[in-house]
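One structure is given below, encoded as structure tokens.
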Amino acid sequence: MGFDLLICDCDGVLIDSEVIACEVDAETFTAAGFPLSVVEVRRRFVGMSQAEMRATLEREAGRRLPDDFDARLSARLAAAFERELTALPDVRQAVLALGTRRCVASSSSPDRLRHTLTLTGLYDLFAPHVFSASQVERGKPAPDLFLFAAARFDVAPGRCLVVEDSVAGVTAARAAGMTVIGFTGGAHCDAATPHRLLEAGAHHIAHSWRECQEILVPA
């Protein structure tokens, strides 16, 4: 499989953060009067930015969240990540084994990306090429962020390989004309995740970074 640029989502692909974030999101939105279960967060909002998630819930409820909500949610997430966050196994080994240019393209904010990737010892593996949905007009499932990343490297979309764990991310990568590995190694993934990612258009499924490496660098 020839490609010139590896584009990795961050949450749930490089770091095992989605299971933590889903729990904090559900607790914080519910406490603010917007009842939301962990299952619903996983089903509907994994892969979306915090701003898009908030806008969707406010639109559905017909009312706004408190002005300080984003700051409270970010503080709770940061504290939970400090306590619990880890990198996915074998990330560094697999990424380095591919021997190609690489970047991160995530729905998270730049500050959160720097914080979480630094906490897990992965920031140096990708910096300075760590891109956020805040840098484009539309976040995932729109293709904007992936096209932005490809343009920064002057690589044609068809020569990009994306590793994604969410339906929104897979949809965005396919809309950008890129090849996608659906990654199911995060703790938030369940038995139905591979089917959802394939249905969204993933070309391959990998349950771990070792499987990614086997797909991309066959023995």
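Order determines the names: the first chain of the structure tokens is A, the second B, and so forth; residues in each chain are numbered 1 upward, and ligands are numbered 1 upward as they are shown.
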
Polymer residues at most 8 Å from range 129-133 of chain A, only C-alpha atoms, same-chain spacing of 6 or more positions, as an MDAnalysis selection string | chainID A and resid 49 102:110 113 139:140 145 149

Run DSSP on the backbone and give me the residues of range 18-157 of chain A it puts in helix (DSSP H, G or I), as a PyMOL selection string.
-> chain A and resi 18-31+38-45+50-61+69-84+91-98+110-119+123-126+133-135+144-153+157

Contacts of Gly182 in chain A at 12 Å or less, counting only C-alpha atoms, minus same-chain residues fewer than 6 places along, as a ChimeraX atom specification?
-> /A:8-9,12-13,161-171,173-174,189,193-209,211-212,215

For the residues in the current selection, export N, CA, C and O atoms as a compact mmCIF listing (two decimals), in the first residue's frame.
# COMPACT_ATOMS: atom_id res chain seq x y z
N CYS A 8 -3.07 10.80 11.33
CA CYS A 8 -3.67 10.10 12.46
C CYS A 8 -4.64 10.99 13.22
O CYS A 8 -4.31 12.14 13.55
N ASP A 9 -5.81 10.48 13.47
CA ASP A 9 -6.66 11.10 14.48
C ASP A 9 -5.92 10.94 15.82
O ASP A 9 -4.99 10.13 15.93
N GLY A 12 -8.54 8.25 20.83
CA GLY A 12 -9.00 6.92 20.49
C GLY A 12 -8.14 6.21 19.47
O GLY A 12 -8.36 5.03 19.18
N VAL A 13 -7.15 6.92 18.92
CA VAL A 13 -6.23 6.33 17.94
C VAL A 13 -4.80 6.34 18.46
O VAL A 13 -4.12 5.31 18.48
N LEU A 161 -2.90 8.28 3.83
CA LEU A 161 -3.48 7.17 4.59
C LEU A 161 -3.91 7.71 5.93
O LEU A 161 -3.11 8.30 6.66
N VAL A 162 -5.18 7.53 6.27
CA VAL A 162 -5.75 8.05 7.52
C VAL A 162 -6.06 6.89 8.46
O VAL A 162 -6.56 5.84 8.03
N VAL A 163 -5.76 7.08 9.74
CA VAL A 163 -6.14 6.12 10.78
C VAL A 163 -7.18 6.80 11.66
O VAL A 163 -6.89 7.82 12.30
N GLU A 164 -8.39 6.26 11.70
CA GLU A 164 -9.53 6.89 12.37
C GLU A 164 -10.33 5.87 13.16
O GLU A 164 -10.44 4.71 12.75
N ASP A 165 -10.93 6.32 14.27
CA ASP A 165 -11.73 5.42 15.10
C ASP A 165 -13.21 5.76 15.09
O ASP A 165 -14.00 5.04 15.70
N SER A 166 -13.60 6.85 14.44
CA SER A 166 -15.00 7.29 14.51
C SER A 166 -15.65 7.30 13.13
O SER A 166 -14.97 7.44 12.10
N VAL A 167 -16.96 7.18 13.13
CA VAL A 167 -17.72 7.27 11.88
C VAL A 167 -17.53 8.64 11.25
O VAL A 167 -17.34 8.77 10.03
N ALA A 168 -17.55 9.70 12.07
CA ALA A 168 -17.36 11.05 11.55
C ALA A 168 -16.00 11.18 10.89
O ALA A 168 -15.87 11.78 9.81
N GLY A 169 -14.97 10.60 11.51
CA GLY A 169 -13.63 10.68 10.96
C GLY A 169 -13.46 9.89 9.68
O GLY A 169 -12.84 10.36 8.71
N VAL A 170 -14.00 8.68 9.65
CA VAL A 170 -13.93 7.86 8.44
C VAL A 170 -14.69 8.55 7.30
O VAL A 170 -14.21 8.61 6.16
N THR A 171 -15.86 9.08 7.60
CA THR A 171 -16.65 9.78 6.59
C THR A 171 -15.88 10.96 6.03
O THR A 171 -15.87 11.19 4.81
N ALA A 173 -12.56 11.40 5.97
CA ALA A 173 -11.42 10.95 5.19
C ALA A 173 -11.83 10.44 3.81
O ALA A 173 -11.17 10.71 2.80
N ARG A 174 -12.93 9.69 3.77
CA ARG A 174 -13.41 9.20 2.47
C ARG A 174 -13.86 10.37 1.59
O ARG A 174 -13.61 10.37 0.38
N CYS A 189 -14.29 1.37 22.16
CA CYS A 189 -14.84 0.59 21.05
C CYS A 189 -15.54 -0.67 21.55
O CYS A 189 -15.12 -1.26 22.54
N THR A 193 -18.29 -1.70 16.63
CA THR A 193 -17.49 -0.62 16.05
C THR A 193 -16.92 -0.97 14.68
O THR A 193 -17.01 -0.15 13.75
N PRO A 194 -16.33 -2.16 14.48
CA PRO A 194 -15.80 -2.46 13.14
C PRO A 194 -16.86 -2.35 12.05
O PRO A 194 -16.60 -1.82 10.97
N HIS A 195 -18.06 -2.86 12.33
CA HIS A 195 -19.14 -2.80 11.34
C HIS A 195 -19.49 -1.35 11.02
O HIS A 195 -19.67 -0.99 9.84
N ARG A 196 -19.58 -0.49 12.05
CA ARG A 196 -19.92 0.91 11.81
C ARG A 196 -18.86 1.61 10.97
O ARG A 196 -19.19 2.41 10.08
N LEU A 197 -17.60 1.32 11.25
CA LEU A 197 -16.52 1.96 10.50
C LEU A 197 -16.47 1.47 9.06
O LEU A 197 -16.25 2.26 8.13
N LEU A 198 -16.69 0.18 8.85
CA LEU A 198 -16.74 -0.36 7.49
C LEU A 198 -17.92 0.22 6.72
O LEU A 198 -17.81 0.57 5.54
N GLU A 199 -19.05 0.34 7.40
CA GLU A 199 -20.24 0.90 6.77
C GLU A 199 -20.01 2.35 6.37
O GLU A 199 -20.55 2.83 5.36
N ALA A 200 -19.20 3.07 7.18
CA ALA A 200 -18.89 4.47 6.87
C ALA A 200 -17.89 4.60 5.73
O ALA A 200 -17.70 5.69 5.19
N GLY A 201 -17.21 3.48 5.39
CA GLY A 201 -16.30 3.51 4.25
C GLY A 201 -14.87 3.14 4.52
O GLY A 201 -14.02 3.28 3.64
N ALA A 202 -14.55 2.67 5.73
CA ALA A 202 -13.17 2.27 6.03
C ALA A 202 -12.74 1.15 5.08
O ALA A 202 -13.50 0.23 4.81
N HIS A 203 -11.50 1.24 4.60
CA HIS A 203 -10.98 0.23 3.69
C HIS A 203 -10.45 -1.00 4.43
O HIS A 203 -10.43 -2.10 3.89
N HIS A 204 -9.97 -0.80 5.64
CA HIS A 204 -9.42 -1.87 6.46
C HIS A 204 -9.83 -1.63 7.90
O HIS A 204 -10.17 -0.50 8.29
N ILE A 205 -9.78 -2.67 8.72
CA ILE A 205 -10.00 -2.56 10.16
C ILE A 205 -8.76 -3.09 10.87
O ILE A 205 -8.22 -4.15 10.51
N ALA A 206 -8.31 -2.34 11.87
CA ALA A 206 -7.18 -2.78 12.70
C ALA A 206 -7.57 -2.65 14.16
O ALA A 206 -8.08 -1.61 14.58
N HIS A 207 -7.34 -3.71 14.92
CA HIS A 207 -7.71 -3.70 16.33
C HIS A 207 -6.57 -3.22 17.23
O HIS A 207 -6.76 -3.09 18.43
N SER A 208 -5.41 -2.96 16.64
CA SER A 208 -4.26 -2.50 17.41
C SER A 208 -3.28 -1.84 16.45
O SER A 208 -3.40 -1.97 15.22
N TRP A 209 -2.27 -1.15 17.02
CA TRP A 209 -1.25 -0.57 16.16
C TRP A 209 -0.36 -1.63 15.53
O TRP A 209 0.20 -1.42 14.46
N GLU A 211 -1.53 -4.39 14.34
CA GLU A 211 -2.28 -4.78 13.15
C GLU A 211 -2.16 -3.72 12.06
O GLU A 211 -2.06 -4.04 10.87
N CYS A 212 -2.14 -2.44 12.46
CA CYS A 212 -1.92 -1.38 11.48
C CYS A 212 -0.59 -1.59 10.77
O CYS A 212 -0.49 -1.49 9.54
N ILE A 215 -0.74 -4.40 8.30
CA ILE A 215 -1.46 -4.03 7.08
C ILE A 215 -0.58 -3.21 6.17
O ILE A 215 -0.53 -3.41 4.94

Computed interatomic separation between CA of Phe126 in chain A and CA of Ala21 in chain A (Å) =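 Between CA of Phe126 in chain A and CA of Ala21 in chain A the gap works out to 22.1 Å.
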
For Gly121 in chain A, which residue among A:Ile15, A:Phe29, A:Val180, A:Glu137 is the nearest when counting only C-alpha atoms?
->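 Nearest to Gly121 in chain A: A:Ile15.
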
Any chance you could list, as number ranges by chain, the residues in range 12-205 of chain A that come up strand (DSSP E) when DSSP is run on the backbone?
-> A: 101-106, 130-132, 160-164, 179-183, 204-205

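Using only C-alpha atoms for every distance, the candidate list A:Pro141, A:Gly99, A:Gly33, A:Pro66 yields A:Pro141 as the residue closest to Phe45 in chain A.
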
d(CA of Arg210 in chain A, CA of Leu6 in chain A) in Å |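 Interatomic distance, CA of Arg210 in chain A to CA of Leu6 in chain A: 15.4 Å.
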
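For Leu117 in chain A, the non-local neighbours within 9 Å, defined as residues at least 6 positions apart in the same chain or in other chains and counting only C-alpha atoms, are Cys10, Leu14, Ile15, Ala87, Tyr123 and Asp124 of chain A.
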
Give me the residues within 9 Å of Ile20 in chain A as a tab-separated table (two decimals) with N, CA and C atoms, in the first residue's frame, counting only C-alpha atoms and dropping any in the same chain fewer than 5 places off.
chain	number	residue	atom	x	y	z
A	25	ASP	N	-17.90	14.04	29.60
A	25	ASP	CA	-18.91	14.77	28.83
A	25	ASP	C	-20.31	14.48	29.36
A	77	LEU	N	-12.00	17.66	32.09
A	77	LEU	CA	-11.29	16.74	31.19
A	77	LEU	C	-9.80	16.74	31.49
A	80	ALA	N	-9.09	14.74	34.60
A	80	ALA	CA	-9.25	13.29	34.37
A	80	ALA	C	-8.10	12.74	33.55
A	81	PHE	N	-7.66	13.49	32.54
A	81	PHE	CA	-6.53	13.04	31.73
A	81	PHE	C	-5.26	12.94	32.56
A	84	GLU	N	-5.60	9.59	34.41
A	84	GLU	CA	-5.88	8.31	33.77
A	84	GLU	C	-5.33	8.10	32.37
A	85	LEU	N	-4.91	9.14	31.69
A	85	LEU	CA	-4.64	9.03	30.26
A	85	LEU	C	-3.38	8.23	29.95
A	188	HIS	N	-13.05	2.58	24.26
A	188	HIS	CA	-14.44	2.96	24.01
A	188	HIS	C	-15.09	2.12	22.92

If you count only C-alpha atoms, the residue of A:Val91, A:Ala176, A:Met53, A:Val217 closest to Leu65 in chain A turns out to be A:Met53

Please measure the separation of CA of Gln213 in chain A and CA of Thr179 in chain A, giving the value in Å to one decimal.
->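 These atoms are spaced 15.0 Å apart.
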